[in-house]
Every structure is written in C-alpha cells, then in structure tokens.
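Raw contents of model.cif, mmCIF, C-alpha atoms:
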data_final
#
loop_
_atom_site.label_atom_id
_atom_site.label_comp_id
_atom_site.auth_asym_id
_atom_site.auth_seq_id
_atom_site.Cartn_x
_atom_site.Cartn_y
_atom_site.Cartn_z
CA MET A 1377 123.62 167.04 142.36
CA LYS A 1378 127.21 166.45 141.24
CA LYS A 1379 127.56 163.68 143.83
CA LYS A 1380 124.42 161.94 142.50
CA ILE A 1381 125.75 162.17 138.94
CA ASP A 1382 129.10 160.75 140.02
CA ASN A 1383 127.41 157.86 141.84
CA LEU A 1384 125.15 157.05 138.89
CA TYR A 1385 128.13 157.17 136.53
CA SER A 1386 130.07 154.81 138.79
CA LYS A 1387 127.21 152.31 138.68
CA LEU A 1388 126.61 152.51 134.93
CA ALA A 1389 130.28 152.51 133.94
CA ASN A 1390 131.36 150.12 136.71
CA GLU A 1391 133.93 152.74 137.71
CA GLU A 1392 136.40 151.17 140.12
CA ASP A 1393 139.82 151.90 138.62
CA ALA A 1394 141.12 155.49 138.63
CA ARG A 1395 143.60 154.55 135.92
CA VAL A 1396 140.87 154.49 133.26
CA CYS A 1397 141.48 158.23 132.82
CA LYS A 1398 145.00 157.79 131.53
CA ALA A 1399 143.82 158.21 127.90
CA ILE A 1400 142.55 161.76 128.56
CA ASP A 1401 144.14 164.70 130.38
CA GLU A 1402 143.70 165.37 134.10
CA SER A 1403 141.34 168.34 133.71
CA ALA A 1404 138.96 166.36 131.53
CA CYS A 1405 139.10 163.41 133.92
CA LYS A 1406 137.57 165.48 136.73
CA VAL A 1407 134.38 166.16 134.77
CA VAL A 1408 133.95 162.77 133.07
CA PRO A 1409 130.64 161.84 134.82
CA GLY A 1410 128.89 165.05 133.76
CA ASN A 1411 130.23 164.84 130.21
CA PHE A 1412 129.26 161.16 130.06
CA PHE A 1413 125.59 161.90 130.70
CA LEU A 1414 125.48 165.06 128.57
CA THR A 1415 126.91 163.07 125.65
CA ILE A 1416 124.43 160.24 126.19
CA ILE A 1417 121.48 162.65 126.24
CA SER A 1418 122.60 164.50 123.11
CA TYR A 1419 123.33 161.23 121.28
CA PHE A 1420 119.95 159.92 122.40
CA PHE A 1421 118.07 162.82 120.80
CA SER A 1422 120.23 162.64 117.69
CA LYS A 1423 119.73 158.89 117.26
CA LEU A 1424 116.01 159.26 117.91
CA ALA A 1425 115.73 161.95 115.24
CA ASP A 1426 117.62 159.72 112.80
CA ALA A 1427 115.26 156.84 113.56
CA VAL A 1428 112.15 158.97 113.03
CA ALA A 1429 113.53 160.33 109.73
CA ASN A 1430 114.62 156.87 108.55
CA THR A 1431 115.67 156.86 104.89
CA LYS A 1432 115.12 153.13 104.63
CA VAL A 1433 111.45 153.24 105.62
CA ILE A 1434 109.89 156.60 106.57
CA LEU A 1435 111.19 158.94 103.84
CA PRO A 1436 110.49 156.47 101.00
CA TRP A 1437 106.96 156.06 102.35
CA ILE A 1438 106.50 159.85 102.32
CA MET A 1439 107.89 160.30 98.80
CA GLN A 1440 105.64 157.57 97.49
CA SER A 1441 102.59 159.13 99.16
CA ILE A 1442 103.25 162.54 97.56
CA GLY A 1443 103.80 161.02 94.12
CA ALA A 1444 107.57 161.48 93.79
CA PRO A 1445 109.19 159.47 90.95
CA LEU A 1446 110.57 156.05 91.88
CA TYR A 1447 114.08 156.86 90.62
CA LEU A 1448 114.32 159.72 93.15
CA ILE A 1449 113.31 157.40 95.99
CA SER A 1450 116.23 155.11 95.12
CA PHE A 1451 118.68 157.96 95.88
CA LEU A 1452 117.61 158.42 99.51
CA VAL A 1453 119.95 156.01 101.32
CA PRO A 1454 123.07 156.68 99.17
CA ILE A 1455 122.66 160.45 99.53
CA LYS A 1456 122.17 160.32 103.28
CA GLU A 1457 125.13 158.02 103.91
CA SER A 1458 127.66 159.18 101.31
CA GLY A 1459 126.67 162.84 101.57
CA SER A 1460 127.73 162.87 105.21
CA LEU A 1461 130.97 160.97 104.54
CA LEU A 1462 132.48 162.36 101.33
CA PRO A 1463 133.29 165.93 102.49
CA GLN A 1464 134.94 164.87 105.72
CA LEU A 1465 138.56 165.01 104.56
CA PHE A 1466 138.07 168.71 103.85
CA ILE A 1467 135.91 169.41 106.88
CA ALA A 1468 138.45 167.73 109.17
CA ALA A 1469 141.20 170.12 108.09
CA TYR A 1470 139.17 173.10 109.29
CA ILE A 1471 138.02 171.37 112.47
CA ARG A 1472 141.67 170.59 113.28
CA LYS A 1473 142.29 174.33 113.66
CA LEU A 1474 139.78 174.57 116.50
CA PRO A 1475 140.95 173.83 120.06
CA ILE A 1476 137.27 173.45 121.12
CA ARG A 1477 135.19 171.36 118.70
CA LYS A 1478 131.87 170.71 120.43
CA TRP A 1479 130.35 173.75 118.68
CA ILE A 1480 130.86 172.05 115.32
CA TRP A 1481 128.70 169.13 116.44
CA SER A 1482 125.99 171.48 117.75
CA LEU A 1483 126.06 173.46 114.49
CA GLY A 1484 125.69 170.28 112.45
CA SER A 1485 122.75 169.18 114.59
CA LEU A 1486 120.98 172.55 114.19
CA LEU A 1487 121.48 172.45 110.42
CA GLN A 1488 119.97 168.97 110.30
CA ALA A 1489 116.97 170.31 112.21
CA LEU A 1490 116.47 173.12 109.68
CA CYS A 1491 116.65 170.69 106.75
CA MET A 1492 114.18 168.36 108.42
CA PHE A 1493 111.73 171.22 108.99
CA GLY A 1494 112.10 171.97 105.27
CA ILE A 1495 111.26 168.37 104.34
CA ALA A 1496 108.22 168.54 106.65
CA ILE A 1497 106.99 171.68 104.85
CA VAL A 1498 107.46 169.98 101.46
CA ALA A 1499 105.53 166.91 102.62
CA TRP A 1500 102.67 169.13 103.78
CA ASN A 1501 102.36 171.40 100.74
CA MET A 1502 103.91 169.84 97.62
CA GLN A 1503 103.34 166.91 95.28
CA GLY A 1504 105.04 165.05 92.45
CA LEU A 1505 108.42 165.69 90.85
CA SER A 1506 108.96 169.13 92.39
CA ALA A 1507 108.33 167.73 95.87
CA GLY A 1508 110.73 164.83 95.26
CA LEU A 1509 113.49 167.13 94.02
CA ALA A 1510 113.01 169.46 97.00
CA ILE A 1511 113.30 166.58 99.45
CA ILE A 1512 116.43 165.30 97.73
CA ALA A 1513 118.02 168.77 97.87
CA LEU A 1514 117.20 169.15 101.56
CA LEU A 1515 118.50 165.64 102.24
CA VAL A 1516 121.81 166.61 100.63
CA GLY A 1517 122.06 169.55 103.03
CA MET A 1518 121.18 167.36 105.97
CA SER A 1519 123.83 164.82 104.98
CA LEU A 1520 126.53 167.47 104.77
CA ALA A 1521 125.52 168.67 108.24
CA ARG A 1522 125.84 165.09 109.52
CA GLY A 1523 129.41 165.17 108.21
CA LEU A 1524 130.18 168.04 110.60
CA CYS A 1525 128.79 166.04 113.50
CA SER A 1526 130.62 162.86 112.55
CA VAL A 1527 134.12 164.37 112.45
CA ALA A 1528 133.65 166.45 115.60
CA ALA A 1529 131.97 163.69 117.62
CA LYS A 1530 134.87 161.23 117.47
CA ASP A 1531 137.36 163.88 118.50
CA VAL A 1532 135.28 165.32 121.35
CA LEU A 1533 134.54 161.81 122.57
CA GLY A 1534 138.24 160.97 122.57
CA LYS A 1535 139.01 164.12 124.60
CA THR A 1536 136.22 163.88 127.18
CA ILE A 1537 135.47 160.18 127.78
CA PRO A 1538 138.04 157.57 128.96
CA LYS A 1539 139.09 154.85 126.55
CA THR A 1540 137.24 151.99 128.28
CA ARG A 1541 133.94 153.89 128.61
CA ARG A 1542 133.27 154.98 125.02
CA GLY A 1543 131.58 151.82 123.86
CA ALA A 1544 129.22 151.82 126.85
CA LEU A 1545 128.25 155.41 126.06
CA ASN A 1546 127.38 154.60 122.44
CA GLY A 1547 125.49 151.51 123.54
CA LEU A 1548 123.40 153.26 126.20
CA SER A 1549 122.35 156.12 123.91
CA ALA A 1550 121.35 153.72 121.13
CA MET A 1551 119.44 151.55 123.61
CA LEU A 1552 117.43 154.49 124.96
CA ALA A 1553 116.61 155.73 121.46
CA GLY A 1554 115.60 152.19 120.51
CA LEU A 1555 113.05 152.22 123.34
CA LEU A 1556 111.14 155.15 121.82
CA VAL A 1557 111.42 153.69 118.31
CA VAL A 1558 109.68 150.59 119.68
CA VAL A 1559 106.85 152.86 120.85
CA LEU A 1560 106.65 154.35 117.34
CA GLY A 1561 106.49 150.88 115.82
CA VAL A 1562 103.67 149.88 118.18
CA TYR A 1563 101.78 153.04 117.18
CA PHE A 1564 101.97 152.06 113.50
CA LEU A 1565 100.80 148.54 114.31
CA LEU A 1566 97.78 149.80 116.27
CA ASN A 1567 96.85 152.10 113.39
CA GLY A 1568 97.70 149.67 110.60
CA GLU A 1569 94.21 149.86 109.06
CA LYS A 1570 94.13 153.67 109.04
CA PRO A 1571 95.77 155.74 106.29
CA PHE A 1572 98.81 157.74 107.39
CA SER A 1573 98.74 160.94 105.35
CA SER A 1574 101.67 163.06 104.22
CA GLN A 1575 100.49 165.70 106.71
CA ASN A 1576 100.84 163.16 109.52
CA PHE A 1577 104.36 162.39 108.32
CA SER A 1578 105.06 166.13 108.20
CA ILE A 1579 104.24 166.43 111.89
CA LEU A 1580 106.43 163.41 112.60
CA LEU A 1581 109.39 164.96 110.76
CA SER A 1582 108.91 168.26 112.60
CA ILE A 1583 109.24 166.36 115.86
CA ALA A 1584 112.49 164.87 114.53
CA GLY A 1585 113.72 168.41 113.86
CA LEU A 1586 112.98 169.36 117.47
CA PHE A 1587 114.98 166.35 118.65
CA TRP A 1588 118.03 167.63 116.75
CA ILE A 1589 117.64 171.06 118.38
CA PHE A 1590 117.52 169.44 121.82
CA ALA A 1591 120.63 167.43 120.94
CA ALA A 1592 122.52 170.57 119.89
CA ILE A 1593 121.66 172.42 123.10
CA VAL A 1594 122.68 169.55 125.39
CA TYR A 1595 125.93 168.89 123.51
CA ALA A 1596 126.92 172.56 123.88
CA LEU A 1597 126.90 172.05 127.68
CA ILE A 1598 129.74 169.50 127.51
CA LYS A 1599 132.90 170.72 129.28
CA GLU A 1600 135.52 170.30 126.60
CA PHE A 1601 139.09 171.46 127.18
CA GLU A 1602 141.37 172.82 124.48
CA GLY A 1603 143.15 170.18 122.41
CA GLU A 1604 145.76 169.92 119.69
CA THR A 1605 145.43 172.22 116.67
CA ASP A 1606 148.38 171.03 114.58
CA GLY A 1607 148.03 170.53 110.85
CA GLY A 1608 145.20 172.97 110.24
CA GLY A 1609 146.48 174.25 106.90
CA ASN A 1610 144.87 174.39 103.49
CA ALA A 1611 141.93 172.00 103.53
CA PHE A 1612 142.56 170.46 100.11
CA LYS A 1613 146.30 169.96 100.63
CA VAL A 1614 145.83 168.52 104.10
CA ALA A 1615 143.13 166.18 102.81
CA ILE A 1616 145.28 164.81 100.01
CA SER A 1617 148.35 164.43 102.22
CA LYS A 1618 146.41 162.46 104.82
CA LEU A 1619 145.46 159.82 102.27
CA GLY A 1620 149.04 158.61 102.67
CA ILE A 1621 148.01 157.12 106.01
CA LEU A 1622 146.54 154.23 104.06
CA LYS A 1623 150.00 153.39 102.70
CA THR A 1624 152.03 153.83 105.87
CA ASP A 1625 149.60 152.65 108.55
CA LYS A 1626 148.88 148.94 108.04
CA PRO A 1627 146.35 148.45 110.90
CA PHE A 1628 144.36 151.45 109.70
CA ARG A 1629 144.46 150.26 106.08
CA LEU A 1630 143.17 146.84 107.08
CA PHE A 1631 140.42 148.47 109.15
CA VAL A 1632 139.24 150.59 106.20
CA ILE A 1633 139.13 147.56 103.86
CA THR A 1634 137.26 145.52 106.46
CA ARG A 1635 134.82 148.35 107.18
CA ALA A 1636 134.11 148.72 103.46
CA LEU A 1637 133.26 145.01 103.19
CA PHE A 1638 131.09 145.25 106.31
CA LEU A 1639 128.78 147.53 104.28
CA CYS A 1640 127.21 144.32 103.00
CA SER A 1641 125.04 144.21 106.14
CA VAL A 1642 123.45 147.65 105.69
CA LEU A 1643 123.18 147.20 101.92
CA SER A 1644 121.26 143.96 102.32
CA ALA A 1645 118.63 145.44 104.66
CA PRO A 1646 116.44 147.08 101.94
CA PHE A 1647 116.35 143.79 100.02
CA PHE A 1648 114.96 142.06 103.10
CA VAL A 1649 112.14 144.62 103.08
CA ILE A 1650 111.58 144.11 99.34
CA ILE A 1651 111.14 140.35 99.79
CA ALA A 1652 108.59 141.02 102.54
CA GLN A 1653 106.65 143.52 100.40
CA GLN A 1654 106.60 141.16 97.44
CA ASN A 1655 105.01 138.42 99.54
CA SER A 1656 102.52 140.39 101.65
CA GLU A 1657 99.51 142.59 100.95
CA SER A 1658 99.50 144.21 104.39
CA ASN A 1659 102.07 146.94 103.84
CA SER A 1660 100.74 149.16 106.65
CA TYR A 1661 101.32 146.44 109.20
CA LEU A 1662 104.68 145.68 107.61
CA LEU A 1663 105.76 149.28 108.21
CA GLY A 1664 104.98 148.94 111.89
CA LEU A 1665 106.61 145.52 112.18
CA PHE A 1666 109.85 146.63 110.55
CA ILE A 1667 110.05 149.80 112.67
CA LEU A 1668 109.34 147.70 115.76
CA SER A 1669 112.00 145.17 114.75
CA SER A 1670 114.62 147.86 114.29
CA GLY A 1671 113.78 149.57 117.57
CA LEU A 1672 113.76 146.32 119.56
CA ALA A 1673 117.13 145.34 118.10
CA ASP A 1674 118.66 148.62 119.31
CA LEU A 1675 116.94 148.43 122.66
CA LEU A 1676 117.95 144.86 123.45
CA SER A 1677 121.44 144.72 121.96
CA ALA A 1678 123.03 148.18 121.88
CA ASN A 1679 124.01 148.35 125.55
CA PHE A 1680 125.47 144.84 125.41
CA TRP A 1681 127.47 145.61 122.25
CA GLY A 1682 128.67 148.88 123.78
CA LYS A 1683 130.03 147.31 126.95
CA PHE A 1684 131.48 144.40 124.99
CA SER A 1685 133.24 146.91 122.70
CA ASP A 1686 135.12 148.33 125.67
CA ILE A 1687 136.53 144.82 126.19
CA SER A 1688 137.17 143.99 122.52
CA SER A 1689 135.63 146.08 119.73
CA LYS A 1690 137.32 143.74 117.25
CA LYS A 1691 135.37 140.73 118.55
CA VAL A 1692 132.15 142.77 118.55
CA MET A 1693 132.58 143.53 114.84
CA ILE A 1694 133.31 139.88 114.07
CA ILE A 1695 130.34 138.52 116.04
CA GLY A 1696 127.98 141.17 114.65
CA ALA A 1697 129.08 140.44 111.09
CA THR A 1698 128.71 136.71 111.65
CA ILE A 1699 125.10 137.22 112.77
CA ALA A 1700 124.25 139.51 109.84
CA THR A 1701 125.95 137.27 107.27
CA SER A 1702 124.36 134.10 108.61
CA VAL A 1703 120.90 135.65 108.38
CA GLY A 1704 121.55 136.45 104.73
CA PHE A 1705 122.33 132.82 103.96
CA VAL A 1706 119.17 131.76 105.84
CA VAL A 1707 117.00 134.07 103.72
CA VAL A 1708 118.52 132.70 100.51
CA PHE A 1709 117.93 129.14 101.73
CA ILE A 1710 114.27 129.87 102.53
CA ASP A 1711 113.76 131.58 99.18
CA PHE A 1712 115.10 128.59 97.27
CA PHE A 1713 113.39 125.79 99.20
CA TYR A 1714 110.56 127.16 101.37
CA ASP A 1715 109.54 130.47 99.80
CA GLU A 1716 105.92 130.04 100.97
CA LEU A 1717 107.16 130.98 104.46
CA PHE A 1718 107.60 134.56 103.28
CA SER A 1719 103.80 134.92 102.97
CA ILE A 1720 103.66 134.81 106.79
CA ILE A 1721 103.75 138.53 107.61
CA TRP A 1722 105.93 138.31 110.74
CA ILE A 1723 108.66 136.06 109.29
CA MET A 1724 110.73 138.75 107.55
CA PRO A 1725 110.41 141.31 110.38
CA ILE A 1726 111.83 138.68 112.77
CA ILE A 1727 114.69 137.98 110.36
CA TYR A 1728 115.18 141.74 109.97
CA PHE A 1729 115.33 142.00 113.79
CA ILE A 1730 118.22 139.51 113.89
CA LEU A 1731 119.96 141.30 111.02
CA SER A 1732 119.61 144.61 112.89
CA ILE A 1733 121.19 143.11 116.01
CA GLY A 1734 124.18 142.02 113.93
CA TYR A 1735 124.44 145.40 112.21
CA GLN A 1736 124.26 147.18 115.57
CA GLY A 1737 127.27 145.13 116.71
CA ILE A 1738 129.21 146.04 113.57
CA ARG A 1739 128.33 149.73 113.89
CA ILE A 1740 129.15 150.15 117.59
CA GLY A 1741 132.23 147.94 117.30
CA ARG A 1742 133.78 149.83 114.41
CA LYS A 1743 133.00 153.25 115.98
CA THR A 1744 134.72 152.24 119.21
CA TYR A 1745 137.57 150.57 117.33
CA ILE A 1746 138.58 153.60 115.27
CA VAL A 1747 138.43 155.98 118.25
CA ASP A 1748 140.65 153.67 120.32
CA LEU A 1749 143.00 152.94 117.42
CA ALA A 1750 144.40 156.49 117.40
CA GLN A 1751 145.26 159.27 119.83
CA GLY A 1752 145.15 163.08 119.57
CA ASN A 1753 144.82 164.69 116.14
CA LYS A 1754 145.51 161.35 114.47
CA ARG A 1755 142.00 160.33 115.47
CA THR A 1756 140.50 163.12 113.38
CA ASP A 1757 142.60 162.05 110.38
CA TYR A 1758 141.54 158.42 110.76
CA VAL A 1759 137.85 159.29 110.91
CA ALA A 1760 138.01 161.72 108.00
CA VAL A 1761 140.01 159.46 105.66
CA SER A 1762 137.99 156.31 106.38
CA ASN A 1763 134.62 158.06 106.15
CA THR A 1764 135.51 159.78 102.88
CA LEU A 1765 136.61 156.54 101.25
CA ILE A 1766 133.53 154.71 102.54
CA GLY A 1767 131.42 157.52 101.08
CA PHE A 1768 132.78 156.86 97.59
CA ILE A 1769 132.30 153.12 98.01
CA LEU A 1770 128.70 153.69 99.13
CA LEU A 1771 127.92 155.63 95.96
CA LEU A 1772 129.29 152.79 93.83
CA SER A 1773 127.61 150.09 95.91
CA GLY A 1774 124.24 151.62 95.13
CA LEU A 1775 124.65 150.12 91.66
CA ILE A 1776 124.25 146.63 93.11
CA GLY A 1777 120.50 147.02 92.77
CA THR A 1778 120.88 146.87 88.99
CA LEU A 1779 121.84 143.20 89.34
CA SER A 1780 118.32 142.27 90.41
CA SER A 1781 117.25 141.68 86.81
CA LEU A 1782 120.08 139.15 86.42
CA ILE A 1783 120.28 137.29 89.73
CA GLY A 1784 117.13 138.38 91.57
CA VAL A 1785 116.75 139.83 95.03
CA SER A 1786 117.86 136.64 96.81
CA GLY A 1787 120.88 136.47 94.50
CA ILE A 1788 121.93 139.94 95.64
CA ILE A 1789 121.55 138.90 99.28
CA LEU A 1790 123.68 135.82 98.58
CA LEU A 1791 126.39 137.95 96.97
CA LEU A 1792 126.41 140.36 99.92
CA SER A 1793 126.58 137.45 102.37
CA ILE A 1794 129.64 136.06 100.59
CA ILE A 1795 131.27 139.49 100.88
CA GLY A 1796 130.42 139.34 104.60
CA VAL A 1797 132.39 136.11 104.95
CA ILE A 1798 135.44 137.80 103.42
CA ALA A 1799 135.01 140.75 105.81
CA ILE A 1800 134.91 138.42 108.82
CA TYR A 1801 138.12 136.74 107.66
CA LEU A 1802 139.91 140.11 107.39
CA ALA A 1803 138.51 141.35 110.71
CA ASN A 1804 140.21 138.44 112.45
CA LYS A 1805 143.56 139.87 111.28
CA LEU A 1806 142.93 143.28 112.91
CA PRO A 1807 145.00 144.03 116.04
CA GLU A 1808 143.26 144.36 119.39
CA VAL A 1809 143.06 148.03 120.44
CA GLN A 1810 141.61 147.65 123.95
CA GLU A 1811 144.67 145.77 125.20
CA ASP A 1812 147.18 147.83 127.17
#

File written out as structure tokens:
Amino acid sequence: MKKKIDNLYSKLANEEDARVCKAIDESACKVVPGNFFLTIISYFFSKLADAVANTKVILPWIMQSIGAPLYLISFLVPIKESGSLLPQLFIAAYIRKLPIRKWIWSLGSLLQALCMFGIAIVAWNMQGLSAGLAIIALLVGMSLARGLCSVAAKDVLGKTIPKTRRGALNGLSAMLAGLLVVVLGVYFLLNGEKPFSSQNFSILLSIAGLFWIFAAIVYALIKEFEGETDGGGNAFKVAISKLGILKTDKPFRLFVITRALFLCSVLSAPFFVIIAQQNSESNSYLLGLFILSSGLADLLSANFWGKFSDISSKKVMIIGATIATSVGFVVVFIDFFYDELFSIIWIMPIIYFILSIGYQGIRIGRKTYIVDLAQGNKRTDYVAVSNTLIGFILLLSGLIGTLSSLIGVSGIILLLSIIGVIAIYLANKLPEVQED
C-alpha cells in the first residue's frame, strides 16, 4: 500500500529530485507521500463544507427564507472572514507552545461542524429575528474555530510538505472540492422551478457538518513531528510584540499591504450577484448558475494555479489579480453602454466564473507565498499578524456597500477595480520566494 501511495505521489508531484525535502527535516521527508494525501483529503472535505455553507449565496438564501432581517444578512460575509482572522495573533501565541499542532486543526474543524449543526437546527425550527440572531451567533463561533485551523494549517503544512509541493497540494484539494460543487450547482439548475425549503437547506448544512468531521478525523492521521516551541509566552504580550515585524521586515510588510488591496476581488463578487439579480426574474436558476460557476472555476483552475504557485506564487497572484480586475472594468463598461446584456441570465454567471478563476489564483498564490516566505516559528508569526490585520480591514471594508446610494453598484465595482490595479503594481515589487 505504501509503495502505491509513493508511486501515485511521484506522478502527481512530479517527484524526481530528492533535494526538494531540504525545507523540512529528514524524519518528515520519509513520510511526505502519506502526509500529502492525508492533507489533500482533509482539505478536500473542509473546502467542500465551506462551499456548501457559502456565506455569499447559501446562508443569505436561508436567512431570507426564514424571514431574518436584511441588516443581519449583510453581516454574514464580514463575520465569517474577519471572525476567523482577528483572534489569530492571540491564538498563535498558544499554538506556538505546542510541538505537535495538527490537533488544533482537527479541533477547529470539529467545532465548525458543531456550529453548522446548530445552524441547521435553527433553519429547521425557527423563524424571523430570533432565527437570524441565532445564526449570526453560531457563525461567530464557526469563524473563531476557522481561526484555529488557519494558524495551525500553515505551520503543519510547512513542517510536513516540501517547499515546492505546497501549491500543488492546495490546488488539488480545491479542484476536487470544486468538482462536487459543480454537481451541487447542476442539482439546483435541474430543480430551478421547485421551491427549496429551509428544511432542505437544513439537511444540506448537516451534510456540511459531516464533511468537517471527516476532515478532522483524516487530518489527525497526519504524521507530524515535534517542531519549535520558542516564544510561547503571554498571548497578549507576544501578539503585540510580533506586530513589530511589519516595521522591520520589508518583504512581509509589502506582502500585507498587497494582500489587503487584493481584497478588492472578493469584495466585488457580491456586487456581481446583485447586478444579476436586479436584471433577472429567475432567481432560482441564478442560484444554480452562480454555484455552478464557482465550482467550475475551482475545478478547472485550482490545480493549475497550485502547480504554478510552486514555480512562482508571486506571478500567480499578479495574473489572478489582473484577471479579476479586468473583469471588473468589463462589467462597468457593459453597465454604462450595453446594460441590456445583463437581462440575459447566463451573462453574469459567466463573468462571475472568470472572476472566480482570478480570485482562485490570488488565494492560492498568496497562501503559498506566505508559507514559503518564512521558515520555522516565523511562519506562524507571519500568518497570525497578516491575518489579524486583514481581519480589521475586512470589517472596515464592509462599509463600502454604503457608497451604493452615491455611486451605484457599478461605481463600487469600478472603485474596487482601480484598487486592484494598485495592488498589481505593488505585487510586482514583491521578491520571488520560490527561487533558491
């Protein structure tokens, strides 16, 4: 069995050079193939659960169907993203004390499962304001649990997978999850004329919870060897002291600024959906088309971006951002001169598909970049500091929706696209981290 795993790993990772293991210790190098596939499987279930419990499409649909207030629905994406990022400076200080950190990831995955089961129960039994508040509270808990996974994942990945194989791993897991999301999108399309009740969504969310449990179990099987435990002092003091990295480490500072500006791609996505909803009466079919678009983008591009990231994660970020930014300008152009095109139901899902391909490149590229930028415990500090700062920026960026009354939806997309151009310019100044 081990021989088959080794052979399959060699084919997938194009393993020909024994020197690729120089970024991890000798003990870890001997079990790379097994860890590679265990990580892919656990990431696959985790990404699939995230896709099923999508805060951009699925959860808003549920909250609307159970009569939750509109202002609560607007908190979904900011809470999910910033809630998992903001606590990480403090979480990282505790994780740094642990020589084995895979259990933190498994714990975070199990907690996400419990919160998702809670949301499923709310969707089945509750209505109105109380249901909306309960979902928001459970989403906060789920986001905090994601923070545990995020900090631990980068460090375990850096200890168990060689430097030039990490991008391929992220790409493969996202591609496999994208395949099943495509199936989900097709299901919605085939049932576009039938009502999808909150009870149906409850079953769907319960399945997502099971996916997180599977992910936790598989991740616990990873053979992780003890690592550095330096700097595990008082969480608050360690967190504050590590902010100094931004002042002393120029490449890292530039990466954080660039990553913050790259948020323009994910922030623009909901406004693409809004334009489609405003110009179409077939919202049920739109749901299926947008889910299908997102899944196809992951399926078709993630593996490519992952392997490309192992060559140059910097170039992957730049190309992905160029795609996402260009699409924004195209939408603005259509809105100003040919807005009747938006009444064609498949136009915006196709544009959203292209946007998702660009965003996938940005996401995989920046994940690979930050892991390869640092070594040892420094990696944990990098992830924690950058994620915490991005969390604060995400909360503030949620206010951009208030500009719609002044400049309109297309005006917001234009503004975000201009920010994307600035981000691309700064990304070109980043140093290459895959070069030896």

Just the number, please: distance in Å from CA of Gly1504 in chain A to CA of Met1439 in chain A, one decimal.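 Computed distance, CA of Gly1504 in chain A to CA of Met1439 in chain A, equals 8.4 Å.
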
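Interatomic distance, CA of Lys1432 in chain A against CA of Phe1590 in chain A: 23.8 Å.
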
For a cut-off of 12 Å around (108.8, 144.7, 99.1), file coordinates, pick out all residues using all atoms listed in the file and list them as a PyMOL selection string. chain A and resi 1432-1433+1437+1645-1660+1662-1663+1666+1718-1719+1721+1724-1725+1785

Where does the PyMOL selection byres ((chain A and resi 1639) around 10) land in this file, that is, which residues does it pick, as a CSV table (one decimal) with C-alpha atoms, keeping the file's coordinate frame?
chain,number,residue,atom,x,y,z
A,1634,THR,CA,137.3,145.5,106.5
A,1635,ARG,CA,134.8,148.4,107.2
A,1636,ALA,CA,134.1,148.7,103.5
A,1637,LEU,CA,133.3,145.0,103.2
A,1638,PHE,CA,131.1,145.2,106.3
A,1640,CYS,CA,127.2,144.3,103.0
A,1641,SER,CA,125.0,144.2,106.1
A,1642,VAL,CA,123.4,147.6,105.7
A,1643,LEU,CA,123.2,147.2,101.9
A,1644,SER,CA,121.3,144.0,102.3
A,1697,ALA,CA,129.1,140.4,111.1
A,1735,TYR,CA,124.4,145.4,112.2
A,1738,ILE,CA,129.2,146.0,113.6
A,1739,ARG,CA,128.3,149.7,113.9
A,1766,ILE,CA,133.5,154.7,102.5
A,1769,ILE,CA,132.3,153.1,98.0
A,1770,LEU,CA,128.7,153.7,99.1
A,1773,SER,CA,127.6,150.1,95.9
A,1792,LEU,CA,126.4,140.4,99.9
A,1795,ILE,CA,131.3,139.5,100.9
A,1796,GLY,CA,130.4,139.3,104.6
A,1799,ALA,CA,135.0,140.8,105.8

Once the PyMOL selection byres ((chain A and resi 1515-1529) around 9) has been applied to the shown file, what residues remain in the selection, as a PyMOL selection string? chain A and resi 1452+1455-1464+1467-1468+1471+1477-1492+1495+1510-1514+1530-1534+1756+1759-1760+1763

Pick the closest to Ile1726 in chain A from A:Leu1672, A:Ile1694, A:Leu1474, A:Asp1625: which is it, counting all atoms listed in the file? A:Leu1672

Spell out the residues picked by the PyMOL selection byres ((chain A and resi 1689) around 12) here, as a PyMOL selection string. chain A and resi 1539-1544+1631+1680-1688+1690-1696+1737-1749+1803-1804+1806-1811

Please produce a file of those selected residues containing C-alpha atoms, as an mmCIF file, in the coordinates of the input.
data_model
loop_
_atom_site.group_PDB
_atom_site.id
_atom_site.type_symbol
_atom_site.label_atom_id
_atom_site.label_comp_id
_atom_site.auth_asym_id
_atom_site.auth_seq_id
_atom_site.Cartn_x
_atom_site.Cartn_y
_atom_site.Cartn_z
ATOM 1 C CA LYS A 1539 139.090 154.850 126.550
ATOM 2 C CA THR A 1540 137.240 151.990 128.280
ATOM 3 C CA ARG A 1541 133.940 153.890 128.610
ATOM 4 C CA ARG A 1542 133.270 154.980 125.020
ATOM 5 C CA GLY A 1543 131.580 151.820 123.860
ATOM 6 C CA ALA A 1544 129.220 151.820 126.850
ATOM 7 C CA PHE A 1631 140.420 148.470 109.150
ATOM 8 C CA PHE A 1680 125.470 144.840 125.410
ATOM 9 C CA TRP A 1681 127.470 145.610 122.250
ATOM 10 C CA GLY A 1682 128.670 148.880 123.780
ATOM 11 C CA LYS A 1683 130.030 147.310 126.950
ATOM 12 C CA PHE A 1684 131.480 144.400 124.990
ATOM 13 C CA SER A 1685 133.240 146.910 122.700
ATOM 14 C CA ASP A 1686 135.120 148.330 125.670
ATOM 15 C CA ILE A 1687 136.530 144.820 126.190
ATOM 16 C CA SER A 1688 137.170 143.990 122.520
ATOM 17 C CA LYS A 1690 137.320 143.740 117.250
ATOM 18 C CA LYS A 1691 135.370 140.730 118.550
ATOM 19 C CA VAL A 1692 132.150 142.770 118.550
ATOM 20 C CA MET A 1693 132.580 143.530 114.840
ATOM 21 C CA ILE A 1694 133.310 139.880 114.070
ATOM 22 C CA ILE A 1695 130.340 138.520 116.040
ATOM 23 C CA GLY A 1696 127.980 141.170 114.650
ATOM 24 C CA GLY A 1737 127.270 145.130 116.710
ATOM 25 C CA ILE A 1738 129.210 146.040 113.570
ATOM 26 C CA ARG A 1739 128.330 149.730 113.890
ATOM 27 C CA ILE A 1740 129.150 150.150 117.590
ATOM 28 C CA GLY A 1741 132.230 147.940 117.300
ATOM 29 C CA ARG A 1742 133.780 149.830 114.410
ATOM 30 C CA LYS A 1743 133.000 153.250 115.980
ATOM 31 C CA THR A 1744 134.720 152.240 119.210
ATOM 32 C CA TYR A 1745 137.570 150.570 117.330
ATOM 33 C CA ILE A 1746 138.580 153.600 115.270
ATOM 34 C CA VAL A 1747 138.430 155.980 118.250
ATOM 35 C CA ASP A 1748 140.650 153.670 120.320
ATOM 36 C CA LEU A 1749 143.000 152.940 117.420
ATOM 37 C CA ALA A 1803 138.510 141.350 110.710
ATOM 38 C CA ASN A 1804 140.210 138.440 112.450
ATOM 39 C CA LEU A 1806 142.930 143.280 112.910
ATOM 40 C CA PRO A 1807 145.000 144.030 116.040
ATOM 41 C CA GLU A 1808 143.260 144.360 119.390
ATOM 42 C CA VAL A 1809 143.060 148.030 120.440
ATOM 43 C CA GLN A 1810 141.610 147.650 123.950
ATOM 44 C CA GLU A 1811 144.670 145.770 125.200
#

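The shortest atom-to-atom distance to Leu1581 in chain A, with only C-alpha atoms taken into account, belongs to A:Ala1427 out of A:Ile1417, A:Leu1717, A:Ala1427, A:Val1707.
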
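Distances here use only C-alpha atoms; by that measure, the residue among A:Pro1436, A:Gly1734, A:Gly1620, A:Gly1671 closest to Leu1448 in chain A is A:Pro1436.
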